[in-house]
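See structure below.
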Amino acid sequence: MTPTSSGRMGGQKGTGGVAFLLRDAGMGGAERSSLRLAYGMARRGKRVSVFFLKAKGPLLPLDPSIEVVDLKGSFLRFLRELQDRRPLFLLPVYTAMRALMARFLLRRRFQVIVSQRNMFTLDRDPIQTRLRFIRCRLLYPLASACVSISRGVADEMRILGLLPPDRIRVIYNPVVTEELLQQAKEPVDHPWLAPGEPPVILGVGRLGTQKDFATLIKAFALLESDARLVILGEGKQRRMLETLVRELGLQDRVLLPGYVVNPYAWMSRSALFASTSLFEGFGNVVAEALACGCNVVATDCPSGPAEILEGGRWGHLASPGDPEDVARALDEALRAPMPPNLLRKRANYFSEDRAVSEWLALLDELAEMHKNTPGP
């Protein structure tokens with residue numbers, strides 16, 4: 001599927017419906033979740049478009065049921081496409097400022113629903129956060145609603161006061177899909193996952209400060225176990241983590257194979273999944289691991305993993321940045337694992353079907369509220 005000269009890819013243009021605005025089709029959790037939501041809405045009969053600032057990335061091409069618009073980095077093109085298509089709703093993902101500015105400039109009656117996908121005050125440095133707050137203070141009032149992906153994120157947004165409290169909603173990410181469950185059954189050609197081998201503890205995520213895999217490696221070094229540790233992902237901290245592994249003498253028991261297209265097949269064959277994040281918005285990988293029947297240890301960080309695990313009912317919680325406490329939780333989970341069928345049952349709460357239903361209910365509610373409201 002390739003762009004035409006106008007930047008469009010597939011589909012037929014038309015008025016109405018729902019438009020998403022994404023930076024690109026990268027493999028981040030936000031991109032995957034947003035496209036799952038787009039597919040789910042399309043299957044429910046909604047006309048769905050996805051505007052990409054740049055239509056590139058491994059998640060392309062999209063299903064033909066979704067109209068793809070390549071903006072080629074042009075804000076003017078974005079304005080023209082909005083005028084052409086006249087969506088009823090615009091859902092930006094990490095692009096809220098562009099979406100709200102477009103609504104202001106066009107004076108159109110399409111509604112913008114912004115999404116808060118991480119802790120507002122934690123995912124950037126203090127100066128960036130302050131500048132971002134000022135921008136949001138000016139433009140967020142133009143949003144019809146703000147959907148937060150966890151209760152903790154929503155609570156912080158209410159405290160910040162960027163929107164009236166009644167415009168802030170919580171809808172969990174559409175994590176569990178039929179595709180994920182099928183991918184979990186695919187084979188993995190690695191000797192550590194062969195029957196009879198020592199248990200594997202798995203971590204998945206970007207090798208950066210937020211995920212704090214250094215704490216996981218230090219905790220693993222404290223375990224009195226023959227287990228092995230695998231961390232799937234790539235990022236700026238690779239060299240530091242590899243150095244830490246060597247310093248702790250763990251070269252034969254720790255593996256950092258890089259980015260893997262299908263981590264779910266690893267999850268379904270690992271004894272334990274570990275998330276040692278310093279903060280999260282939701283923590284997709286925690287719910288994904290449960291869906292794969294994998295026991296979970298997660299840090300009780302702000303915000304998301306503790307909600308997914310219901311305070312420790314469905315897994316073990318540990319203190320962020322504390323190798324000793326993480327080691328304690330890893331040991332407990334290895335010694336007394338929960339039945340996979342119970343973990344999968346909990347994961348169903350974060351299904352694509354449930355998320356799509358809640359989003360469509362919100363769209364219907366907003367459409368009814370704004371049906372006779374004058375103004376842009």
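Residue names in the structure tokens use chain letters A, B, ... in the order shown, residue numbers from 1 in each chain, and ligand numbers from 1 in the order shown.
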Leaving out Gly29 (chain A) and any residue of its chain fewer than 4 positions from it, which residues lie within 12 Å of it when counting only C-alpha atoms, given as a PDB file with C-alpha atoms, in the first residue's frame?
```pdb
ATOM      1  CA  ALA A  25       3.261   3.764  12.711  1.00  0.00           C
ATOM      2  CA  SER A  33      -3.138   0.474  21.229  1.00  0.00           C
ATOM      3  CA  SER A  34      -4.468   3.270  19.022  1.00  0.00           C
ATOM      4  CA  LEU A  35      -4.507   1.117  15.913  1.00  0.00           C
ATOM      5  CA  ARG A  36      -6.214  -1.707  17.825  1.00  0.00           C
ATOM      6  CA  LEU A  59       2.794  -1.294  11.614  1.00  0.00           C
ATOM      7  CA  VAL A  93      -2.076  10.422  20.206  1.00  0.00           C
ATOM      8  CA  TYR A  94       0.974  12.413  21.401  1.00  0.00           C
ATOM      9  CA  ARG A 117      -1.041   8.118  28.279  1.00  0.00           C
ATOM     10  CA  ASN A 118       1.540   8.743  30.978  1.00  0.00           C
ATOM     11  CA  ILE A 149      -5.502   5.163  30.480  1.00  0.00           C
ATOM     12  CA  ASN A 173      -6.026   0.337  26.735  1.00  0.00           C
ATOM     13  CA  PRO A 174      -7.302  -2.303  24.298  1.00  0.00           C
ATOM     14  CA  VAL A 175      -4.597  -4.844  25.126  1.00  0.00           C
ATOM     15  CA  VAL A 204      10.136  -6.318  27.769  1.00  0.00           C
ATOM     16  CA  GLY A 205      10.456  -2.638  26.946  1.00  0.00           C
ATOM     17  CA  ARG A 206      12.591   0.241  25.807  1.00  0.00           C
ATOM     18  CA  GLU A 280       3.935   4.157  33.821  1.00  0.00           C
ATOM     19  CA  GLY A 281       0.735   5.446  32.332  1.00  0.00           C
ATOM     20  CA  PHE A 282      -0.818   2.008  32.233  1.00  0.00           C
ATOM     21  CA  GLY A 283       1.732  -0.723  31.562  1.00  0.00           C
ATOM     22  CA  ASN A 284       0.480  -2.636  28.519  1.00  0.00           C
ATOM     23  CA  VAL A 285       3.097  -5.348  28.918  1.00  0.00           C
ATOM     24  CA  VAL A 286       1.777  -6.285  32.365  1.00  0.00           C
ATOM     25  CA  ALA A 287      -1.702  -6.975  30.976  1.00  0.00           C
ATOM     26  CA  GLU A 288      -0.185  -8.696  27.927  1.00  0.00           C
TER      27      GLU A 288
END
```
When DSSP is applied to the backbone of this structure, which of region 133-309 of chain A are assigned strand (DSSP E or B)? Write them out as a PyMOL selection string. chain A and resi 145-148+168-170+176+200-204+228-232+254-258+272-275+295-299
Residues as selected, N, CA and C atoms, written as a compact mmCIF listing (two decimals), in the first residue's frame, can you do that?
```txt
# COMPACT_ATOMS: atom_id res chain seq x y z
N ALA A 145 -13.11 16.10 25.80
CA ALA A 145 -12.83 15.15 26.87
C ALA A 145 -11.37 14.79 26.85
N CYS A 146 -10.90 14.28 27.98
CA CYS A 146 -9.55 13.73 28.10
C CYS A 146 -9.69 12.32 28.61
N VAL A 147 -9.27 11.36 27.81
CA VAL A 147 -9.32 9.96 28.22
C VAL A 147 -7.96 9.57 28.79
N SER A 148 -7.94 9.19 30.05
CA SER A 148 -6.73 8.73 30.72
C SER A 148 -6.75 7.21 30.74
N ILE A 168 -12.83 14.42 32.31
CA ILE A 168 -11.73 13.46 32.41
C ILE A 168 -12.30 12.07 32.65
N ARG A 169 -12.01 11.15 31.77
CA ARG A 169 -12.54 9.80 31.83
C ARG A 169 -11.38 8.80 31.91
N VAL A 170 -11.69 7.60 32.35
CA VAL A 170 -10.72 6.51 32.37
C VAL A 170 -11.22 5.40 31.45
N VAL A 176 -5.81 -6.94 25.04
CA VAL A 176 -5.98 -8.35 24.70
C VAL A 176 -6.81 -8.47 23.43
N VAL A 200 12.74 -19.05 33.02
CA VAL A 200 13.14 -17.77 32.43
C VAL A 200 12.30 -16.65 33.04
N ILE A 201 12.99 -15.61 33.50
CA ILE A 201 12.34 -14.37 33.92
C ILE A 201 12.47 -13.40 32.75
N LEU A 202 11.36 -12.80 32.35
CA LEU A 202 11.33 -11.99 31.13
C LEU A 202 11.01 -10.54 31.44
N GLY A 203 11.75 -9.64 30.82
CA GLY A 203 11.43 -8.21 30.81
C GLY A 203 11.27 -7.75 29.37
N VAL A 204 10.37 -6.82 29.13
CA VAL A 204 10.14 -6.32 27.77
C VAL A 204 9.94 -4.81 27.83
N ARG A 228 17.08 -17.86 34.62
CA ARG A 228 17.76 -17.01 33.65
C ARG A 228 16.91 -15.77 33.40
N LEU A 229 17.55 -14.71 32.96
CA LEU A 229 16.87 -13.44 32.71
C LEU A 229 17.04 -13.03 31.26
N VAL A 230 15.92 -12.71 30.60
CA VAL A 230 15.91 -12.22 29.23
C VAL A 230 15.20 -10.87 29.21
N ILE A 231 15.83 -9.87 28.62
CA ILE A 231 15.21 -8.55 28.48
C ILE A 231 15.11 -8.23 26.99
N LEU A 232 13.89 -8.17 26.48
CA LEU A 232 13.65 -7.87 25.07
C LEU A 232 13.45 -6.37 24.89
N VAL A 254 22.12 -13.94 31.69
CA VAL A 254 21.32 -12.78 31.29
C VAL A 254 21.50 -12.56 29.79
N LEU A 255 20.39 -12.36 29.10
CA LEU A 255 20.39 -12.18 27.65
C LEU A 255 19.63 -10.92 27.29
N LEU A 256 20.24 -10.08 26.44
CA LEU A 256 19.60 -8.88 25.90
C LEU A 256 19.60 -8.98 24.38
N PRO A 257 18.64 -9.72 23.81
CA PRO A 257 18.67 -10.00 22.37
C PRO A 257 18.19 -8.86 21.49
N GLY A 258 17.73 -7.74 22.08
CA GLY A 258 17.25 -6.62 21.27
C GLY A 258 15.76 -6.68 21.05
N LEU A 272 8.10 -16.24 34.45
CA LEU A 272 7.77 -15.03 35.17
C LEU A 272 8.04 -13.81 34.30
N PHE A 273 7.13 -12.84 34.37
CA PHE A 273 7.35 -11.56 33.70
C PHE A 273 7.61 -10.50 34.76
N ALA A 274 8.62 -9.66 34.52
CA ALA A 274 9.00 -8.64 35.50
C ALA A 274 8.96 -7.26 34.87
N SER A 275 8.25 -6.33 35.52
CA SER A 275 8.21 -4.93 35.11
C SER A 275 8.73 -4.10 36.28
N ASN A 295 3.00 -15.45 35.03
CA ASN A 295 3.00 -14.79 36.32
C ASN A 295 3.77 -13.48 36.25
N VAL A 296 3.38 -12.51 37.08
CA VAL A 296 3.91 -11.14 36.97
C VAL A 296 4.45 -10.64 38.30
N VAL A 297 5.60 -9.99 38.23
CA VAL A 297 6.12 -9.13 39.29
C VAL A 297 6.22 -7.73 38.71
N ALA A 298 5.67 -6.75 39.41
CA ALA A 298 5.72 -5.37 38.91
C ALA A 298 5.98 -4.42 40.07
N THR A 299 6.64 -3.32 39.76
CA THR A 299 6.83 -2.29 40.77
C THR A 299 5.53 -1.51 40.97
```
Could you give me, as number ranges by chain, each residue of region 162-339 of chain A that DSSP assigns to helix (DSSP H, G or I) when run on this structure's backbone? A: 165-167, 178-184, 191-193, 213-222, 238-247, 263-267, 284-291, 305-308, 310-312, 323-335
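Closest approach to Arg158 (chain A) among A:Met119, A:Arg328, A:Ala99, A:Leu53: A:Met119, based on only C-alpha atoms.
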Write out as a ChimeraX atom specification each polymer residue whose atoms come within 12 Å of Pro198 (chain A), counting only C-alpha atoms; drop sequence neighbours fewer than 2 positions from it. /A:191-196,200-201,225-229,253,269-272,334
Output file for the residues above (C-alpha atoms, as a CSV table (one decimal), in the first residue's frame):
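The file below, part39.csv, is the result:
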```csv
chain,number,residue,atom,x,y,z
A,191,PRO,CA,17.4,-23.1,23.7
A,192,TRP,CA,16.5,-21.4,27.0
A,193,LEU,CA,12.8,-21.9,26.4
A,194,ALA,CA,13.2,-25.7,25.7
A,195,PRO,CA,11.5,-28.1,28.0
A,196,GLY,CA,13.5,-29.0,31.1
A,200,VAL,CA,13.1,-17.8,32.4
A,201,ILE,CA,12.3,-14.4,33.9
A,225,SER,CA,18.0,-19.6,41.9
A,226,ASP,CA,19.1,-21.2,38.6
A,227,ALA,CA,16.7,-19.0,36.7
A,228,ARG,CA,17.8,-17.0,33.7
A,229,LEU,CA,16.9,-13.4,32.7
A,253,ARG,CA,22.5,-16.1,32.7
A,269,ARG,CA,6.9,-19.7,27.6
A,270,SER,CA,8.5,-17.8,30.5
A,271,ALA,CA,8.1,-18.6,34.1
A,272,LEU,CA,7.8,-15.0,35.2
A,334,LEU,CA,8.9,-18.4,41.4
```
Taking only C-alpha atoms into account, name the residue in A:Pro339, A:Arg44, A:Val153, A:Leu71 that is nearest to Lys56 (chain A). A:Leu71
Tell me, as a PyMOL selection string, which residues lie within 12 Å of Arg108 (chain A), counting only C-alpha atoms; anything in the same chain fewer than 6 positions away does not count. chain A and resi 79+82-90+99-102+142+374-376
Would you mind telling me which residue in A:Gly321, A:Gly304, A:Pro263, A:Gly315 lies nearest to Thr215 (chain A) when using only C-alpha atoms? A:Gly321
Which residues are near Met369 (chain A)? Cut-off 12 Å, only C-alpha atoms, ignore same chain within fewer than 5 positions. Put them as a PyMOL selection string. chain A and resi 111+144-145+167+362-364+374
Of the candidates A:Ala221, A:Ala184, A:Ile171, A:Ala336, which shows the shortest atom-to-atom distance to Ser351 (chain A), using only C-alpha atoms?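 Closest residue, counting only C-alpha atoms: A:Ile171.
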What lies within 8 Å of Ala329 (chain A) using only C-alpha atoms, ignoring chain neighbours under 4 positions off, as a PDB file with C-alpha atoms, in the first residue's frame?
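And here is the file that came out, part_33.pdb:
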```
ATOM      1  CA  VAL A 297       6.117  -9.133  39.292  1.00  0.00           C
ATOM      2  CA  HIS A 316       3.451  -9.569  43.140  1.00  0.00           C
ATOM      3  CA  LEU A 317       4.262  -5.904  43.758  1.00  0.00           C
ATOM      4  CA  ALA A 318       7.610  -4.429  44.805  1.00  0.00           C
ATOM      5  CA  ASP A 325      12.433  -5.817  47.354  1.00  0.00           C
ATOM      6  CA  ALA A 333       6.517 -15.594  42.500  1.00  0.00           C
TER       7      ALA A 333
END
```
Quick one: everything within 12 Å of region 123-127 of chain A, counting only C-alpha atoms, minus sequence neighbours fewer than 5 positions away in the same chain. Send it as number ranges by chain. A: 116-118, 132-134, 153, 208-211, 277-281, 302-303
Using CA of Gln237 (chain A) and CA of Leu330 (chain A) as the two end points, give the distance in Å to one decimal.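 Straight-line distance from CA of Gln237 (chain A) to CA of Leu330 (chain A) works out to 22.9 Å.
Picture a line from CA of Val50 (chain A) to CA of Ala38 (chain A); it runs 8.0 Å.
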Pick from A:Pro337, A:Gly152, A:Gly26, A:Gly235 nearest to Glu307 (chain A), counting only C-alpha atoms: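 Using only C-alpha atoms, Glu307 (chain A) sits closest to A:Gly152.
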